[in-house]
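Chemist: Below is the file work_20.txt, with compact mmCIF, C-alpha atoms (C1' of nucleotides).
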# COMPACT_ATOMS: atom_id res chain seq x y z
CA MET A 1 32.53 -15.98 8.10
CA ASN A 2 31.27 -16.94 4.69
CA THR A 3 31.84 -14.33 1.99
CA GLU A 4 31.03 -16.68 -0.88
CA THR A 5 27.49 -15.50 -1.46
CA ILE A 6 28.25 -11.79 -1.39
CA LEU A 7 31.19 -12.26 -3.77
CA ALA A 8 28.98 -14.23 -6.08
CA SER A 9 26.48 -11.38 -5.97
CA VAL A 10 29.17 -8.82 -6.79
CA ARG A 11 30.65 -10.95 -9.58
CA ARG A 12 27.32 -11.19 -11.33
CA TYR A 13 27.81 -7.55 -12.29
CA ILE A 14 31.52 -6.71 -12.04
CA SER A 15 34.75 -8.70 -12.01
CA LEU A 16 37.25 -8.37 -9.18
CA ASN A 17 40.93 -9.21 -8.99
CA ASP A 18 42.45 -10.68 -5.83
CA GLU A 19 43.45 -7.35 -4.37
CA GLU A 20 40.01 -5.85 -4.88
CA THR A 21 38.37 -8.92 -3.42
CA GLU A 22 40.60 -8.74 -0.39
CA TYR A 23 39.97 -5.04 0.05
CA PHE A 24 36.21 -5.36 -0.32
CA THR A 25 35.82 -8.23 2.12
CA SER A 26 38.05 -6.44 4.63
CA LEU A 27 35.40 -3.71 4.91
CA LEU A 28 32.60 -6.07 5.86
CA LEU A 29 31.82 -6.82 9.48
CA PRO A 30 30.62 -10.42 9.81
CA THR A 31 27.97 -10.61 12.51
CA ARG A 32 25.69 -13.25 13.93
CA VAL A 33 22.30 -12.17 15.15
CA ARG A 34 19.74 -14.26 16.92
CA GLN A 35 16.01 -14.32 16.31
CA HIS A 36 14.37 -11.16 17.74
CA ASP A 37 17.68 -9.26 17.86
CA PHE A 38 17.84 -5.77 16.35
CA ILE A 39 20.57 -4.64 13.97
CA GLU A 40 19.31 -1.09 13.73
CA GLN A 41 16.75 0.77 15.86
CA ASN A 42 14.48 3.58 14.71
CA GLY A 43 15.41 7.00 16.07
CA GLU A 44 19.11 6.26 15.67
CA THR A 45 21.21 7.09 12.66
CA THR A 46 21.72 3.99 10.53
CA LYS A 47 25.30 2.79 10.68
CA TYR A 48 25.28 -0.07 8.20
CA PHE A 49 24.08 -1.27 4.89
CA ILE A 50 23.24 -4.90 5.62
CA TYR A 51 23.84 -8.00 3.49
CA VAL A 52 22.18 -11.25 4.57
CA THR A 53 24.36 -14.37 4.29
CA SER A 54 21.85 -16.69 5.95
CA GLY A 55 18.62 -16.45 7.89
CA CYS A 56 16.02 -13.71 7.53
CA LEU A 57 15.62 -10.06 8.52
CA MET A 58 12.85 -7.53 8.28
CA THR A 59 13.05 -3.75 7.96
CA TYR A 60 9.92 -1.96 9.12
CA PHE A 61 8.31 1.32 10.05
CA THR A 62 6.24 1.88 13.19
CA ASP A 63 3.57 4.55 12.73
CA LYS A 64 1.98 6.96 15.23
CA ASP A 65 -0.62 4.33 16.20
CA ALA A 66 2.20 1.87 16.98
CA THR A 67 1.29 -0.23 13.95
CA ASP A 68 4.23 -1.84 12.15
CA HIS A 69 4.62 -1.67 8.38
CA VAL A 70 7.13 -3.98 6.75
CA ILE A 71 9.19 -2.30 4.05
CA GLN A 72 11.24 -5.35 3.20
CA PHE A 73 11.98 -8.92 4.16
CA ALA A 74 15.55 -9.97 3.42
CA THR A 75 16.78 -13.54 3.18
CA THR A 76 20.04 -14.97 1.86
CA GLY A 77 21.49 -12.79 -0.88
CA TRP A 78 19.55 -9.59 -0.13
CA TRP A 79 20.72 -6.19 1.00
CA THR A 80 18.55 -4.27 3.45
CA GLY A 81 18.58 -1.28 5.80
CA ASP A 82 17.31 2.29 5.84
CA LEU A 83 18.83 3.93 2.77
CA ALA A 84 17.50 7.39 3.64
CA SER A 85 19.14 7.40 7.05
CA PHE A 86 22.25 5.65 5.76
CA THR A 87 22.70 8.11 2.91
CA ARG A 88 21.84 11.33 4.71
CA GLN A 89 23.03 10.37 8.18
CA GLN A 90 19.78 11.40 9.78
CA PRO A 91 17.74 9.53 12.42
CA SER A 92 16.08 6.46 10.99
CA ILE A 93 12.33 5.90 10.85
CA TYR A 94 12.93 2.19 10.32
CA ALA A 95 14.16 -0.65 12.48
CA THR A 96 15.76 -3.86 11.25
CA LYS A 97 15.46 -7.07 13.22
CA ALA A 98 16.09 -10.78 12.78
CA LEU A 99 13.13 -13.08 12.17
CA ALA A 100 15.45 -16.09 12.54
CA ASP A 101 19.01 -16.70 13.67
CA SER A 102 21.01 -15.08 10.88
CA GLU A 103 24.46 -14.27 9.60
CA VAL A 104 24.95 -10.84 8.11
CA LEU A 105 27.75 -8.73 6.67
CA LEU A 106 27.66 -5.10 7.75
CA LEU A 107 29.05 -2.39 5.49
CA PRO A 108 29.62 0.80 7.50
CA ARG A 109 28.65 4.05 5.82
CA LYS A 110 32.18 5.46 5.74
CA GLU A 111 33.59 2.26 4.33
CA MET A 112 31.04 2.31 1.57
CA ASP A 113 32.14 5.84 0.72
CA ASN A 114 35.78 4.70 0.72
CA LEU A 115 34.94 1.67 -1.37
CA LEU A 116 33.18 3.72 -4.03
CA GLU A 117 36.03 6.20 -4.12
CA LYS A 118 38.93 3.75 -4.21
CA CYS A 119 37.24 1.18 -6.35
CA PRO A 120 34.73 2.97 -8.58
CA LYS A 121 33.63 -0.19 -10.33
CA PHE A 122 31.45 -0.79 -7.28
CA GLU A 123 29.37 2.13 -8.47
CA LYS A 124 28.14 -0.20 -11.17
CA TYR A 125 27.36 -2.92 -8.67
CA PHE A 126 25.29 -0.66 -6.44
CA ARG A 127 23.74 1.11 -9.41
CA THR A 128 22.46 -2.26 -10.55
CA ILE A 129 21.31 -3.28 -7.05
CA PHE A 130 19.38 -0.04 -6.59
CA GLN A 131 17.96 -0.17 -10.09
CA ASN A 132 16.59 -3.66 -9.51
CA SER A 133 15.29 -2.74 -6.10
CA LEU A 134 13.54 0.27 -7.60
CA ILE A 135 11.81 -1.97 -10.13
CA THR A 136 10.70 -4.27 -7.31
CA HIS A 137 9.31 -1.35 -5.33
CA GLN A 138 7.42 -0.05 -8.36
CA ASN A 139 5.87 -3.46 -8.87
CA ARG A 140 4.86 -3.63 -5.25
CA LEU A 141 3.33 -0.17 -5.41
CA ILE A 142 1.27 -1.18 -8.44
CA GLN A 143 0.11 -4.29 -6.62
CA THR A 144 -0.81 -2.33 -3.51
CA LEU A 145 -2.78 0.21 -5.53
CA SER A 146 -4.58 -2.15 -7.89
CA ALA A 147 -5.06 -5.57 -6.27
CA THR A 148 -7.31 -6.80 -3.45
CA ALA A 149 -5.87 -8.18 -0.24
CA GLU A 150 -6.49 -11.74 -1.41
CA GLU A 151 -4.74 -11.16 -4.74
CA ARG A 152 -1.78 -9.59 -2.98
CA TYR A 153 -1.53 -12.46 -0.53
CA THR A 154 -1.59 -15.02 -3.33
CA ALA A 155 1.03 -13.10 -5.31
CA PHE A 156 3.23 -12.79 -2.24
CA GLY A 157 3.17 -16.55 -1.64
CA GLN A 158 4.14 -17.19 -5.25
CA LYS A 159 6.86 -14.58 -5.38
CA TYR A 160 8.49 -15.36 -2.04
CA PRO A 161 7.77 -19.02 -1.24
CA SER A 162 10.95 -19.26 0.80
CA LEU A 163 9.76 -16.64 3.27
CA GLU A 164 6.86 -18.71 4.61
CA GLN A 165 9.24 -20.68 6.79
CA PHE A 166 10.52 -17.56 8.56
CA VAL A 167 7.77 -15.00 8.61
CA PRO A 168 4.82 -14.99 11.05
CA LEU A 169 1.49 -14.22 9.39
CA LYS A 170 1.12 -10.95 11.24
CA TYR A 171 4.20 -9.61 9.46
CA ILE A 172 2.99 -10.82 6.11
CA ALA A 173 -0.23 -8.93 6.84
CA SER A 174 1.86 -5.88 7.67
CA TYR A 175 3.80 -6.21 4.41
CA LEU A 176 0.55 -6.51 2.46
CA GLY A 177 -0.93 -3.48 4.19
CA ILE A 178 -3.77 -5.25 6.01
CA THR A 179 -4.49 -6.26 9.61
CA PRO A 180 -3.61 -9.75 10.91
CA GLU A 181 -7.31 -10.32 11.61
CA PHE A 182 -8.24 -9.61 8.05
CA LEU A 183 -5.46 -11.79 6.66
CA SER A 184 -6.83 -14.60 8.79
CA LYS A 185 -10.25 -14.11 7.24
CA VAL A 186 -8.79 -14.01 3.74
CA ARG A 187 -7.00 -17.31 4.37
CA ARG A 188 -10.21 -18.82 5.69
CA LYS A 189 -12.07 -17.87 2.56
CA MET A 190 -9.34 -19.38 0.38
CA MET A 191 -9.39 -22.62 2.39
CA ASP A 192 -13.15 -22.92 2.12
CA ARG A 193 -12.82 -23.14 -1.66
CA MET B 194 17.49 22.34 -27.29
CA ASN B 195 18.40 23.31 -23.77
CA THR B 196 20.83 20.94 -22.05
CA GLU B 197 21.52 23.28 -19.15
CA THR B 198 19.25 21.59 -16.65
CA ILE B 199 20.40 18.05 -17.35
CA LEU B 200 24.05 19.09 -17.17
CA ALA B 201 23.37 20.83 -13.87
CA SER B 202 21.76 17.62 -12.64
CA VAL B 203 24.77 15.56 -13.70
CA ARG B 204 27.27 18.02 -12.23
CA ARG B 205 25.64 17.85 -8.84
CA TYR B 206 27.16 14.39 -8.55
CA ILE B 207 30.07 14.12 -10.98
CA SER B 208 32.30 16.58 -12.83
CA LEU B 209 32.64 16.50 -16.60
CA ASN B 210 35.30 17.90 -18.91
CA ASP B 211 34.39 19.41 -22.27
CA GLU B 212 34.85 16.19 -24.19
CA GLU B 213 32.66 14.20 -21.81
CA THR B 214 30.04 16.92 -21.85
CA GLU B 215 30.05 16.92 -25.62
CA TYR B 216 29.84 13.14 -25.79
CA PHE B 217 27.04 12.89 -23.24
CA THR B 218 24.85 15.54 -24.83
CA SER B 219 25.39 13.98 -28.26
CA LEU B 220 23.55 10.87 -27.04
CA LEU B 221 20.42 12.72 -26.02
CA LEU B 222 17.53 13.13 -28.43
CA PRO B 223 15.84 16.49 -27.80
CA THR B 224 12.13 16.13 -28.38
CA ARG B 225 9.06 18.31 -28.03
CA VAL B 226 5.85 16.67 -27.06
CA ARG B 227 2.46 18.24 -26.84
CA GLN B 228 -0.12 17.75 -24.13
CA HIS B 229 -1.80 14.31 -24.45
CA ASP B 230 1.02 12.93 -26.62
CA PHE B 231 2.58 9.61 -25.70
CA ILE B 232 6.32 9.03 -25.47
CA GLU B 233 6.01 5.34 -24.69
CA GLN B 234 3.03 3.00 -24.99
CA ASN B 235 2.34 -0.04 -22.86
CA GLY B 236 2.78 -3.35 -24.67
CA GLU B 237 5.83 -2.04 -26.50
CA THR B 238 9.42 -2.38 -25.37
CA THR B 239 10.61 0.85 -23.83
CA LYS B 240 13.17 2.59 -26.01
CA TYR B 241 14.19 5.55 -23.87
CA PHE B 242 14.99 6.73 -20.43
CA ILE B 243 13.34 10.13 -20.34
CA TYR B 244 14.60 13.38 -18.84
CA VAL B 245 12.16 16.28 -18.54
CA THR B 246 13.57 19.70 -19.44
CA SER B 247 10.25 21.52 -19.17
CA GLY B 248 6.58 20.68 -18.83
CA CYS B 249 5.17 17.61 -17.13
CA LEU B 250 4.82 13.88 -17.87
CA MET B 251 3.15 10.99 -16.16
CA THR B 252 4.07 7.30 -16.22
CA TYR B 253 1.18 5.01 -15.38
CA PHE B 254 -0.13 1.48 -15.34
CA THR B 255 -3.54 0.44 -16.67
CA ASP B 256 -4.98 -2.57 -14.82
CA LYS B 257 -7.36 -5.31 -16.02
CA ASP B 258 -10.38 -3.16 -15.13
CA ALA B 259 -8.99 -0.35 -17.31
CA THR B 260 -8.23 1.74 -14.23
CA ASP B 261 -5.08 3.85 -14.45
CA HIS B 262 -2.52 3.94 -11.66
CA VAL B 263 0.08 6.69 -11.74
CA ILE B 264 3.58 5.49 -10.86
CA GLN B 265 5.23 8.85 -11.26
CA PHE B 266 4.71 12.44 -12.29
CA ALA B 267 7.80 14.05 -13.75
CA THR B 268 8.36 17.78 -14.10
CA THR B 269 11.51 19.77 -14.91
CA GLY B 270 14.61 17.97 -13.66
CA TRP B 271 13.12 14.48 -13.29
CA TRP B 272 13.89 11.25 -15.06
CA THR B 273 11.03 8.89 -15.83
CA GLY B 274 10.12 5.84 -17.88
CA ASP B 275 9.64 2.11 -17.35
CA LEU B 276 12.90 0.89 -15.89
CA ALA B 277 11.88 -2.76 -15.95
CA SER B 278 11.15 -2.71 -19.66
CA PHE B 279 14.10 -0.44 -20.40
CA THR B 280 16.53 -2.66 -18.50
CA ARG B 281 15.28 -6.06 -19.59
CA GLN B 282 14.00 -5.10 -23.04
CA GLN B 283 10.65 -6.70 -22.44
CA PRO B 284 7.18 -5.30 -23.25
CA SER B 285 6.25 -2.46 -20.96
CA ILE B 286 3.29 -2.46 -18.59
CA TYR B 287 3.50 1.31 -18.34
CA ALA B 288 2.76 4.19 -20.66
CA THR B 289 4.25 7.67 -20.45
CA LYS B 290 2.37 10.68 -21.70
CA ALA B 291 2.56 14.45 -21.52
CA LEU B 292 0.23 16.32 -19.17
CA ALA B 293 1.37 19.60 -20.69
CA ASP B 294 3.42 20.70 -23.69
CA SER B 295 6.89 19.55 -22.72
CA GLU B 296 10.51 19.34 -23.77
CA VAL B 297 12.31 16.12 -23.04
CA LEU B 298 15.69 14.56 -23.66
CA LEU B 299 15.54 10.90 -24.66
CA LEU B 300 18.40 8.57 -23.81
CA PRO B 301 18.15 5.39 -25.92
CA ARG B 302 18.88 2.12 -24.15
CA LYS B 303 21.93 1.28 -26.25
CA GLU B 304 23.38 4.73 -25.82
CA MET B 305 23.01 4.44 -22.07
CA ASP B 306 24.94 1.16 -22.22
CA ASN B 307 27.64 2.85 -24.32
CA LEU B 308 27.76 5.84 -22.01
CA LEU B 309 28.25 3.68 -18.92
CA GLU B 310 30.95 1.68 -20.66
CA LYS B 311 32.89 4.53 -22.18
CA CYS B 312 32.43 6.94 -19.34
CA PRO B 313 32.05 4.90 -16.16
CA LYS B 314 31.73 7.94 -13.93
CA PHE B 315 28.12 8.04 -15.08
CA GLU B 316 27.63 4.89 -13.02
CA LYS B 317 27.90 7.14 -10.00
CA TYR B 318 25.37 9.56 -11.41
CA PHE B 319 22.78 6.90 -12.09
CA ARG B 320 23.57 5.06 -8.87
CA THR B 321 22.71 8.26 -7.02
CA ILE B 322 19.58 8.91 -9.10
CA PHE B 323 18.28 5.38 -8.49
CA GLN B 324 19.21 5.46 -4.83
CA ASN B 325 17.24 8.67 -4.30
CA SER B 326 14.33 7.38 -6.32
CA LEU B 327 14.31 4.22 -4.22
CA ILE B 328 14.10 6.29 -1.04
CA THR B 329 11.20 8.25 -2.53
CA HIS B 330 9.39 5.04 -3.45
CA GLN B 331 9.87 3.63 0.04
CA ASN B 332 8.42 6.79 1.56
CA ARG B 333 5.46 6.60 -0.74
CA LEU B 334 4.87 2.96 0.11
CA ILE B 335 4.89 3.80 3.82
CA GLN B 336 2.41 6.60 3.19
CA THR B 337 0.14 4.39 1.14
CA LEU B 338 0.17 1.68 3.81
CA SER B 339 -0.22 3.85 6.89
CA ALA B 340 -2.08 7.07 6.05
CA THR B 341 -5.71 7.81 5.18
CA ALA B 342 -6.70 9.25 1.82
CA GLU B 343 -7.01 12.72 3.32
CA GLU B 344 -3.58 12.59 4.91
CA ARG B 345 -2.03 11.40 1.67
CA TYR B 346 -3.71 14.15 -0.31
CA THR B 347 -2.48 16.80 2.10
CA ALA B 348 1.05 15.40 2.04
CA PHE B 349 1.00 15.27 -1.74
CA GLY B 350 0.05 18.93 -2.00
CA GLN B 351 2.86 19.90 0.35
CA LYS B 352 5.48 17.74 -1.29
CA TYR B 353 4.65 18.58 -4.90
CA PRO B 354 3.06 22.05 -4.93
CA SER B 355 4.33 22.65 -8.45
CA LEU B 356 2.30 19.76 -9.86
CA GLU B 357 -1.10 21.29 -9.10
CA GLN B 358 -0.79 23.50 -12.17
CA PHE B 359 -0.37 20.53 -14.52
CA VAL B 360 -2.18 17.57 -13.06
CA PRO B 361 -5.96 16.99 -13.25
CA LEU B 362 -7.49 15.81 -9.97
CA LYS B 363 -8.37 12.42 -11.41
CA TYR B 364 -4.69 11.65 -11.89
CA ILE B 365 -3.84 12.85 -8.40
CA ALA B 366 -6.54 10.47 -7.17
CA SER B 367 -4.92 7.72 -9.22
CA TYR B 368 -1.51 8.50 -7.75
CA LEU B 369 -2.96 8.41 -4.23
CA GLY B 370 -4.73 5.12 -4.90
CA ILE B 371 -8.31 6.36 -4.60
CA THR B 372 -11.17 7.07 -6.99
CA PRO B 373 -11.77 10.58 -8.37
CA GLU B 374 -15.19 10.57 -6.70
CA PHE B 375 -13.70 9.92 -3.32
CA LEU B 376 -11.01 12.54 -3.76
CA SER B 377 -13.76 15.01 -4.54
CA LYS B 378 -15.47 14.12 -1.26
CA VAL B 379 -12.21 14.40 0.66
CA ARG B 380 -11.66 17.88 -0.76
CA ARG B 381 -15.21 18.85 0.16
CA LYS B 382 -14.68 17.79 3.76
CA MET B 383 -11.45 19.79 3.94
CA MET B 384 -13.16 22.88 2.50
CA ASP B 385 -16.02 22.64 4.99
CA ARG B 386 -13.55 23.08 7.83
C1' DC C 387 -22.14 27.95 -28.84
C1' DG C 388 -21.77 22.88 -28.59
C1' DT C 389 -19.25 18.91 -27.40
C1' DC C 390 -16.21 16.39 -24.66
C1' DT C 391 -14.02 15.59 -20.50
C1' DA C 392 -13.37 16.59 -15.58
C1' DT C 393 -15.46 17.23 -11.23
C1' DT C 394 -19.11 16.99 -7.90
C1' DT C 395 -23.06 14.91 -5.48
C1' DG C 396 -25.88 11.27 -3.48
C1' DA C 397 -27.45 6.60 -2.36
C1' DA C 398 -26.37 1.94 -1.90
C1' DT C 399 -22.68 -1.34 -1.31
C1' DG C 400 -18.30 -3.59 -0.24
C1' DT C 401 -13.86 -4.17 1.58
C1' DA C 402 -11.21 -3.91 5.31
C1' DC C 403 -10.82 -2.24 10.29
C1' DT C 404 -11.68 -2.18 15.41
C1' DC C 405 -12.50 -4.29 19.53
C1' DA C 406 -13.16 -8.17 22.38
C1' DA C 407 -12.51 -12.76 23.26
C1' DA C 408 -11.36 -17.52 22.36
C1' DA C 409 -8.30 -20.95 20.56
C1' DG C 410 -3.77 -22.56 19.19
C1' DC C 411 1.19 -23.03 19.79
C1' DG C 412 5.84 -22.87 21.51
C1' DG C 413 8.97 -22.40 24.97
C1' DT C 414 10.33 -22.64 29.83
C1' DG C 415 10.58 -24.05 34.42
C1' DG C 416 9.16 -26.89 38.09
C1' DC D 417 6.89 -34.51 31.12
C1' DC D 418 3.39 -31.59 31.98
C1' DA D 419 1.50 -27.05 33.28
C1' DC D 420 1.65 -22.54 32.60
C1' DC D 421 2.72 -18.26 30.29
C1' DG D 422 3.11 -15.21 26.49
C1' DC D 423 2.44 -14.47 21.87
C1' DT D 424 0.14 -15.59 17.41
C1' DT D 425 -3.89 -16.73 14.98
C1' DT D 426 -8.78 -17.17 14.57
C1' DT D 427 -13.66 -15.78 15.10
C1' DG D 428 -17.58 -12.68 15.39
C1' DA D 429 -20.20 -8.40 15.72
C1' DG D 430 -20.36 -3.73 14.77
C1' DT D 431 -18.25 0.15 12.23
C1' DA D 432 -15.59 3.12 9.07
C1' DC D 433 -13.39 4.23 5.00
C1' DA D 434 -13.65 3.98 0.33
C1' DT D 435 -16.05 2.20 -4.01
C1' DT D 436 -19.69 1.77 -7.47
C1' DC D 437 -23.13 3.50 -10.23
C1' DA D 438 -25.96 7.09 -11.93
C1' DA D 439 -26.70 11.69 -12.82
C1' DA D 440 -25.99 16.65 -12.45
C1' DT D 441 -22.74 20.48 -12.93
C1' DA D 442 -18.70 22.78 -14.33
C1' DG D 443 -14.74 23.72 -17.44
C1' DA D 444 -11.94 23.54 -21.57
C1' DC D 445 -11.39 23.71 -26.34
C1' DG D 446 -12.46 23.97 -31.12
Can I see the file as structure tokens?
Modeler:
Amino acid sequence: MNTETILASVRRYISLNDEETEYFTSLLLPTRVRQHDFIEQNGETTKYFIYVTSGCLMTYFTDKDATDHVIQFATTGWWTGDLASFTRQQPSIYATKALADSEVLLLPRKEMDNLLEKCPKFEKYFRTIFQNSLITHQNRLIQTLSATAEERYTAFGQKYPSLEQFVPLKYIASYLGITPEFLSKVRRKMMDR
Amino acid sequence: MNTETILASVRRYISLNDEETEYFTSLLLPTRVRQHDFIEQNGETTKYFIYVTSGCLMTYFTDKDATDHVIQFATTGWWTGDLASFTRQQPSIYATKALADSEVLLLPRKEMDNLLEKCPKFEKYFRTIFQNSLITHQNRLIQTLSATAEERYTAFGQKYPSLEQFVPLKYIASYLGITPEFLSKVRRKMMDR
DNA sequence: CGTCTATTTGAATGTACTCAAAAGCGGTGG
DNA sequence: CCACCGCTTTTGAGTACATTCAAATAGACG
């Protein structure tokens, strides 16, 4: 399967020689998943850190009232998964499933450990990935705390235009922290203007 | 000033020889700040990544209605600051100020670049710091999206008991994403039971 | 003390939720 | 190709959680 996009991602931050490239790609498990398929289930210990080559995934939390809350959508070029479970090898509170037929590269936990040990320059790559992701999460937190549902919906559409083709409205509502019914009403109000 | 706690933090993840220890600590600017003092102001480009040796800081965002939103409280052993501004050298949307007289160690942006270049094992340290912080932010997002104000307040008290001594209720309200008035009413209800 | 800020209280209001039901839409099988 | 089924989206009425505004009370600090 296609390792072009992940290598491009890595090379934005570190340079790799042929041997390193070969070694790195040998650790990745290329996998096809179909729409509605799960890559990880909640309750189970997360096995993989997941890179999306094509398609679209979502990682989400299901609360005690059986309401879903989307932590992240991931399209081409994004990493996703449950970092807490992956890092600490404890049961996951998240599940990750495909919103469209997708191609992913799975990095098993042990192989990531090996990679970082044998080829420490990947520390820089993941440091940068996590740092950027942290910034994104802080921005989202600010948005959630300070903006109305309508403002958040508008901002979401502008920030992630490519997701509209994959993501049902009810999951966008979930990501925004509102009910599908209320998102529908927000959209109505926007249309009426 | 005391570099014990920051060295302990670093040594949890990587080991340093004397030369590395010496070099690392030489980059840090020990600074005392008094309650109400600012370390960084919004609108200005963030100069430092901030490590708290003692006391307590808060990093917060002020929205268009002049309402503050706390991104992070930082007590002994925590890093804080505006990563987005620090990383991209763009004007900050956050400010960081002291909630109590505090001692901090400031790591200037350029020195962090030098450190990571000359002593790449620090990539691992910061990768781990950011990874853990990301997990914390994801948990908080989940909480904010799925729990009521009362549940969040209770969880906050359990997770950060040490903060109660430093942080005025209005900032806890801000962190939880509610108004001070409503937090007061939540507390009343809890007392009445 | 007196002043300034933080916290509490109460009434009116608003934003978003719940529940129930209808309408829309896509896929599948006869 | 159409009819049906299941799931998503919309609509509406009633409700709940949280906000706003105004004012009183309590605390902290010089």
Chemist: Please determine the contact residues of chain A with respect to chain C at a cut-off of 12 Å, counting only C-alpha atoms (C1' of nucleotides), and supply them as JSON, numbers by chain.
Modeler: {"A": [147, 148, 149, 150, 177, 178, 179, 180, 181, 182, 183, 185, 186]}
Chemist: Take the residues just selected and output them with C-alpha atoms as an mmCIF file, keeping the file's coordinate frame.
Modeler:
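See selection-v3.cif below for the written result:
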data_model
loop_
_atom_site.group_PDB
_atom_site.id
_atom_site.type_symbol
_atom_site.label_atom_id
_atom_site.label_comp_id
_atom_site.auth_asym_id
_atom_site.auth_seq_id
_atom_site.Cartn_x
_atom_site.Cartn_y
_atom_site.Cartn_z
ATOM 1 C CA ALA A 147 -5.060 -5.570 -6.270
ATOM 2 C CA THR A 148 -7.310 -6.800 -3.450
ATOM 3 C CA ALA A 149 -5.870 -8.180 -0.240
ATOM 4 C CA GLU A 150 -6.490 -11.740 -1.410
ATOM 5 C CA GLY A 177 -0.930 -3.480 4.190
ATOM 6 C CA ILE A 178 -3.770 -5.250 6.010
ATOM 7 C CA THR A 179 -4.490 -6.260 9.610
ATOM 8 C CA PRO A 180 -3.610 -9.750 10.910
ATOM 9 C CA GLU A 181 -7.310 -10.320 11.610
ATOM 10 C CA PHE A 182 -8.240 -9.610 8.050
ATOM 11 C CA LEU A 183 -5.460 -11.790 6.660
ATOM 12 C CA LYS A 185 -10.250 -14.110 7.240
ATOM 13 C CA VAL A 186 -8.790 -14.010 3.740
#
Chemist: Near chain D, meaning an atom within 8 Å, which residues of chain A appear when counting all atoms listed in the file? Write them as a list in words.
Modeler: Pro168, Lys170, Glu181 and Ser184 of chain A
Chemist: Quick one, how far is CA of Val245 in chain B from CA of Gln265 in chain B?
Modeler: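 Result for CA of Val245 in chain B versus CA of Gln265 in chain B: 12.5 Å, one decimal.
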Chemist: Sort by chain and increasing residue number a table of all residues of chain A within 10 Å of chain B, each with its closest pair of atoms and their distance in Å to one decimal, counting all atoms listed in the file, and write it as a Markdown table.
Modeler:
| residue | atom | partner | partner_atom | distance |
| --- | --- | --- | --- | --- |
| A:Tyr60 | CA | B:Ile335 | CA | 9.3 |
| A:Phe61 | CA | B:Ile335 | CA | 7.5 |
| A:Thr62 | CA | B:Ser339 | CA | 9.2 |
| A:Asp63 | CA | B:Ser339 | CA | 7.0 |
| A:Lys64 | CA | B:Ser339 | CA | 9.2 |
| A:Asp65 | CA | B:Ser339 | CA | 9.3 |
| A:Thr67 | CA | B:Ser339 | CA | 8.3 |
| A:Asp68 | CA | B:Ser339 | CA | 8.9 |
| A:His69 | CA | B:Ile335 | CA | 7.1 |
| A:Val70 | CA | B:Ile335 | CA | 8.6 |
| A:Ile71 | CA | B:Gln331 | CA | 7.2 |
| A:Gln72 | CA | B:Gln331 | CA | 9.6 |
| A:Asp82 | CA | B:Ile328 | CA | 8.6 |
| A:Leu83 | CA | B:Ile328 | CA | 6.5 |
| A:Ala84 | CA | B:Ile328 | CA | 5.9 |
| A:Ser85 | CA | B:Ile328 | CA | 9.6 |
| A:Thr87 | CA | B:Gln324 | CA | 8.9 |
| A:Leu116 | CA | B:Lys317 | CA | 8.7 |
| A:Pro120 | CA | B:Lys314 | CA | 7.9 |
| A:Lys121 | CA | B:Pro313 | CA | 7.9 |
| A:Phe122 | CA | B:Glu316 | CA | 8.9 |
| A:Glu123 | CA | B:Lys317 | CA | 5.4 |
| A:Lys124 | CA | B:Glu316 | CA | 5.4 |
| A:Tyr125 | CA | B:Arg320 | CA | 8.8 |
| A:Phe126 | CA | B:Arg320 | CA | 6.4 |
| A:Arg127 | CA | B:Arg320 | CA | 4.0 |
| A:Thr128 | CA | B:Arg320 | CA | 7.6 |
| A:Ile129 | CA | B:Arg320 | CA | 8.8 |
| A:Phe130 | CA | B:Gln324 | CA | 5.8 |
| A:Gln131 | CA | B:Phe323 | CA | 5.8 |
| A:Asn132 | CA | B:Ala277 | CA | 8.0 |
| A:Ser133 | CA | B:Leu327 | CA | 7.3 |
| A:Leu134 | CA | B:Leu327 | CA | 5.3 |
| A:Ile135 | CA | B:Ala277 | CA | 5.9 |
| A:Thr136 | CA | B:Ala277 | CA | 8.8 |
| A:His137 | CA | B:His330 | CA | 6.7 |
| A:Gln138 | CA | B:Ile264 | CA | 7.2 |
| A:Asn139 | CA | B:Ala277 | CA | 9.3 |
| A:Arg140 | CA | B:Leu334 | CA | 8.5 |
| A:Leu141 | CA | B:Leu334 | CA | 6.5 |
| A:Ile142 | CA | B:His262 | CA | 7.1 |
| A:Gln143 | CA | B:Asp256 | CA | 9.8 |
| A:Thr144 | CA | B:Thr337 | CA | 8.2 |
| A:Leu145 | CA | B:Gly370 | CA | 5.3 |
| A:Ser146 | CA | B:Asp256 | CA | 7.0 |
| A:Ala147 | CA | B:Asp256 | CA | 9.1 |
| A:Ser174 | CA | B:Leu338 | CA | 8.7 |
| A:Tyr175 | CA | B:Leu338 | CA | 8.7 |
| A:Leu176 | CA | B:Leu338 | CA | 8.3 |
| A:Gly177 | CA | B:Leu338 | CA | 5.3 |
| A:Ile178 | CA | B:Leu338 | CA | 8.3 |
Chemist: What lies within 12 Å of Thr198 in chain B using all atoms listed in the file, ignoring chain neighbours under 5 positions off, as a CSV table (one decimal) with C-alpha atoms, in the frame of the given file?
Modeler:
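Heads up, here's the output in selection.csv:
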chain,number,residue,atom,x,y,z
B,203,VAL,CA,24.8,15.6,-13.7
B,204,ARG,CA,27.3,18.0,-12.2
B,205,ARG,CA,25.6,17.8,-8.8
B,218,THR,CA,24.8,15.5,-24.8
B,244,TYR,CA,14.6,13.4,-18.8
B,245,VAL,CA,12.2,16.3,-18.5
B,246,THR,CA,13.6,19.7,-19.4
B,247,SER,CA,10.2,21.5,-19.2
B,268,THR,CA,8.4,17.8,-14.1
B,269,THR,CA,11.5,19.8,-14.9
B,270,GLY,CA,14.6,18.0,-13.7
B,271,TRP,CA,13.1,14.5,-13.3
B,272,TRP,CA,13.9,11.2,-15.1
B,296,GLU,CA,10.5,19.3,-23.8
B,297,VAL,CA,12.3,16.1,-23.0
B,298,LEU,CA,15.7,14.6,-23.7
